[in-house]
Amino acid sequence: MRKNGILLHVTSLPSPYGIGTLGKEAYEFVDFLKRTGQSIWQVLPLCPTGYGDSPYASYSTFAGNPYLIDLDTLAEDGLLKPAEYQNLDWGDDEEKVDFGRLYNERYPVLELAVNRFLENPDKEYEQFLLENQDWIEDYALFMALKDANKGKPWLEWAPEYRRYDKLKANTWKEEQKERMDYYKVMQYLFFKQWNKLRAYANKNGVEILGDLPIYVALDSVDAWSNPELFLLDKDGKPSAVAGCPPDGFSADGQLWGNPLYDWAYHKKTGYDWWIRRIEHLTNVYDILRIDHFRGFDSFYSIPYGAKTARKGEWLKGPGIDLFKAMEKKIGKRKIVAEDLGYLTESVQKLLEESGFPGMKVLEFGFDSRDTGGSTYLPYNYPKNSIAYAGTHDNDTIQGWFKAISPEDRKYAQDFMDAYNPDEYNWEMMRTVIASPSDTSILQMQDLLNLDSSARMNTPGVTGGNWVWRMKPDWHTDDMEGALAWLTKLYGRAPIVKKAKPVDEAEASAEAKEKADEEAVIDTES
């Protein structure tokens, strides 16, 4: 069945408290999706953000982001008093997240809620800890030790804490019990609110498409407590880091800096950590997008300490081996492969073998800087794919039209019959929705017809990313009506089953039979 959905990260929802949350605005957004015939809400990774505030550089691949916990919901649950958070200064720009302010203001408020919770914990709390024991203990310990070290990366901690040791960790847990409880309760509160929101979305015919970043941050509990999973030396420093080579968009390439995986070790363990990770996230979301899918075929290795990604080499990844092991252990899961970038024949073969739908980005089809060319034009989209105008890593449609060359712009205009600048967004979104792909996804910024100032992320650029938010008055009847019309016009609206026609004679006979039965019961009484 053909579907359409909207890409909007939770942090970009409006709210009075500095960042989008899992509160009423999220439920209102689900209502909007239902009214307009949308079947999917795509979000970015929900994990805690670390340095740079990127959801792709998290302290934990399993944990949830405490910033997303809704404060009004905590107040409704008796864990906060309105005066404790409603009068705080959450920032003066309703269109941007101020992460620095959030760090200073939000955690003390959450601590008040945690302390009240621990006075009388929910009966489900212990069950939550039991079900998540394989990651939550080490996560809480890591965060507690990070607090004790004034937020420093673990490579800068005192020497005795840098190297994780299970026996020593038991002692550390006793020392840090109170602070660990704080982080455990925050995870419980996050997943309690998330699971409720997801259930509401599912009830209203909306699936959540979530994200699995291929790499983890060096400053993470994953690298600290499981160094054997990565190519790290005896001191915990990586020998090489992840990134992308130079291309038409970046002369220096992209230097991500994440530690690389020791795939030989992962193979020896039957890919246990990866399978647990995928299983966890496919239980958090309905559909899972695996970021940088080509990295499983081959990955770009950059020497540690390099200033750019110019000098690197391609190394062999695990290939289909990993996904066969996954399917054998946990069965088939709903997975989307982010297969963008330079695709070799072996990458294309891996995608085909996996059976996962890939991604098609229309902006790439018109942009001469991209090497993919016509593979990103709709007449070449396979049915088993997801079509986008652009993703969170691309410019908005309006911003993109201004940034491309005059020749590329003319080609796009002719292809889409798009000559009115005020309607570039609608013509491009129409082209995406009309494509052969089973699923199409639109960015919320494009529905709102916003320029480059609303771009979510510019790869390779430090600062200014991940901060965009919708205004509280984002909704208009015209926008909603146009989206609903396009979704239905191109066969992507949910099919509404018609009620079975009532046979009046049959209904009359059933009513008479029921009345006779009731009369018998009255007589027997």
# chains A, B, ... in the order shown; residues from 1 in each chain; ligands from 1
$ residues_around --residues "A:Gly210" --least-positions-apart "2" --cutoff "7 Å" --atoms "only C-alpha atoms" --output "list of chain:residue names"
A:Gln42, A:Val43, A:Leu44, A:Pro45, A:Ile208, A:Tyr285, A:Ile287, A:Leu288, A:Arg289
$ atom_distance --atom1 "atom CA of A:Leu281" --atom2 "atom CA of A:Trp135"
12.8 Å
$ atom_distance --atom1 "atom CA of A:Ala412" --atom2 "atom CA of A:Tyr342"
21.9 Å
$ select_by_dssp --residues "stretch 150-308 of chain A" --states "helix (DSSP H, G or I)" --output "PyMOL selection string"
chain A and resi 154-156+159-162+166-175+177-203+221-225+227-229+263-268+272-284+293-296
$ select_by_dssp --residues "stretch 190-431 of chain A" --states "strand (DSSP E)" --output "PDB file with C-alpha atoms, in the first residue's frame"
ATOM      1  CA  GLU A 207       3.726   4.396  12.441  1.00  0.00           C
ATOM      2  CA  ILE A 208       6.918   5.863  13.897  1.00  0.00           C
ATOM      3  CA  LEU A 209       9.991   5.674  11.661  1.00  0.00           C
ATOM      4  CA  GLY A 210      13.064   6.028  13.862  1.00  0.00           C
ATOM      5  CA  ASP A 211      16.793   6.177  13.276  1.00  0.00           C
ATOM      6  CA  LEU A 212      19.830   4.040  14.104  1.00  0.00           C
ATOM      7  CA  ALA A 240      41.335   5.553  12.979  1.00  0.00           C
ATOM      8  CA  VAL A 241      37.972   7.310  12.850  1.00  0.00           C
ATOM      9  CA  ALA A 242      34.883   7.432  10.630  1.00  0.00           C
ATOM     10  CA  GLY A 243      33.915   9.906   7.949  1.00  0.00           C
ATOM     11  CA  CYS A 244      33.279  10.381   4.219  1.00  0.00           C
ATOM     12  CA  GLN A 254      33.358  14.835   6.264  1.00  0.00           C
ATOM     13  CA  LEU A 255      35.394  14.047   9.387  1.00  0.00           C
ATOM     14  CA  TRP A 256      32.900  12.528  11.841  1.00  0.00           C
ATOM     15  CA  GLY A 257      35.472  11.343  14.391  1.00  0.00           C
ATOM     16  CA  ASN A 258      33.550   8.260  15.602  1.00  0.00           C
ATOM     17  CA  PRO A 259      35.545   5.154  16.532  1.00  0.00           C
ATOM     18  CA  ILE A 287      10.195   1.062  11.433  1.00  0.00           C
ATOM     19  CA  LEU A 288      13.962   1.509  11.765  1.00  0.00           C
ATOM     20  CA  ARG A 289      16.115   3.541   9.373  1.00  0.00           C
ATOM     21  CA  ILE A 290      19.751   2.412   9.466  1.00  0.00           C
ATOM     22  CA  SER A 298      32.757  -0.879   3.071  1.00  0.00           C
ATOM     23  CA  PHE A 299      33.626   1.997   5.400  1.00  0.00           C
ATOM     24  CA  TYR A 300      35.938   4.973   5.129  1.00  0.00           C
ATOM     25  CA  SER A 301      38.815   4.929   7.621  1.00  0.00           C
ATOM     26  CA  ILE A 302      40.618   8.206   8.438  1.00  0.00           C
ATOM     27  CA  PRO A 303      43.825   8.266  10.527  1.00  0.00           C
ATOM     28  CA  GLU A 313      40.979   4.380   2.838  1.00  0.00           C
ATOM     29  CA  TRP A 314      37.999   2.139   2.208  1.00  0.00           C
ATOM     30  CA  LEU A 315      37.925  -1.049   4.294  1.00  0.00           C
ATOM     31  CA  LYS A 316      35.644  -4.066   4.092  1.00  0.00           C
ATOM     32  CA  ILE A 335      14.124  -1.722   8.290  1.00  0.00           C
ATOM     33  CA  VAL A 336      14.956   1.083   5.858  1.00  0.00           C
ATOM     34  CA  ALA A 337      18.481   1.414   4.449  1.00  0.00           C
ATOM     35  CA  GLY A 358      16.536   2.244  -0.006  1.00  0.00           C
ATOM     36  CA  MET A 359      16.167   6.022  -0.178  1.00  0.00           C
ATOM     37  CA  LYS A 360      15.792   8.387  -3.128  1.00  0.00           C
ATOM     38  CA  VAL A 361      16.376  12.137  -2.728  1.00  0.00           C
ATOM     39  CA  SER A 385      12.054   2.606  -1.878  1.00  0.00           C
ATOM     40  CA  ILE A 386      11.315   5.754   0.097  1.00  0.00           C
ATOM     41  CA  ALA A 387      11.223   9.039  -1.816  1.00  0.00           C
ATOM     42  CA  TYR A 388      12.233  12.411  -0.334  1.00  0.00           C
TER      43      TYR A 388
END
$ residues_around --residues "stretch 49-60 of chain A" --least-positions-apart "6" --cutoff "6 Å" --atoms "only C-alpha atoms" --output "MDAnalysis selection string"
chainID A and resid 213 217 220:221
$ write_last_selection --atoms "N, CA and C atoms" --output "CSV table (one decimal), in the first residue's frame"
chain,number,residue,atom,x,y,z
A,213,PRO,N,21.8,5.5,14.2
A,213,PRO,CA,23.1,5.9,13.6
A,213,PRO,C,24.1,4.7,13.5
A,217,ALA,N,29.4,7.6,19.5
A,217,ALA,CA,30.4,8.6,19.9
A,217,ALA,C,31.5,7.9,20.7
A,220,SER,N,31.2,7.8,24.9
A,220,SER,CA,29.9,7.1,25.2
A,220,SER,C,30.1,5.9,26.1
A,221,VAL,N,29.0,5.5,26.7
A,221,VAL,CA,29.1,4.3,27.5
A,221,VAL,C,29.4,3.1,26.7
$ atom_distance --atom1 "atom CA of A:Phe293" --atom2 "atom CA of A:Lys324"
15.0 Å
$ residues_around --residues "A:Leu483" --least-positions-apart "6" --cutoff "10 Å" --atoms "only C-alpha atoms" --output "list in words"
Asn4, Leu33, Arg35, Thr36, Gly37, Gln38, Trp426, Met429, Arg430, Leu442, Leu447, Asp477 and Leu489 of chain A
$ write_last_selection --atoms "C-alpha atoms" --output "tab-separated table (two decimals), in the first residue's frame"
chain	number	residue	atom	x	y	z
A	4	ASN	CA	3.11	9.26	2.82
A	33	LEU	CA	-1.02	13.54	10.62
A	35	ARG	CA	-6.41	14.40	9.54
A	36	THR	CA	-4.20	14.75	6.47
A	37	GLY	CA	-3.99	11.03	5.71
A	38	GLN	CA	-0.37	10.55	6.78
A	426	TRP	CA	4.55	22.31	-3.51
A	429	MET	CA	6.60	17.73	-2.98
A	430	ARG	CA	3.98	16.83	-5.60
A	442	LEU	CA	8.10	15.23	3.27
A	447	LEU	CA	5.33	22.08	4.12
A	477	ASP	CA	-5.96	25.34	7.02
A	489	LEU	CA	-4.80	12.35	-5.18
$ closest_residue --among "A:Val206, A:Tyr27, A:Met428, A:Lys184" --to "A:Ala493" --atoms "only C-alpha atoms"
A:Val206
$ closest_residue --among "A:Asp98, A:Asp77, A:Asp422, A:Asp219" --to "A:Leu189" --atoms "only C-alpha atoms"
A:Asp77
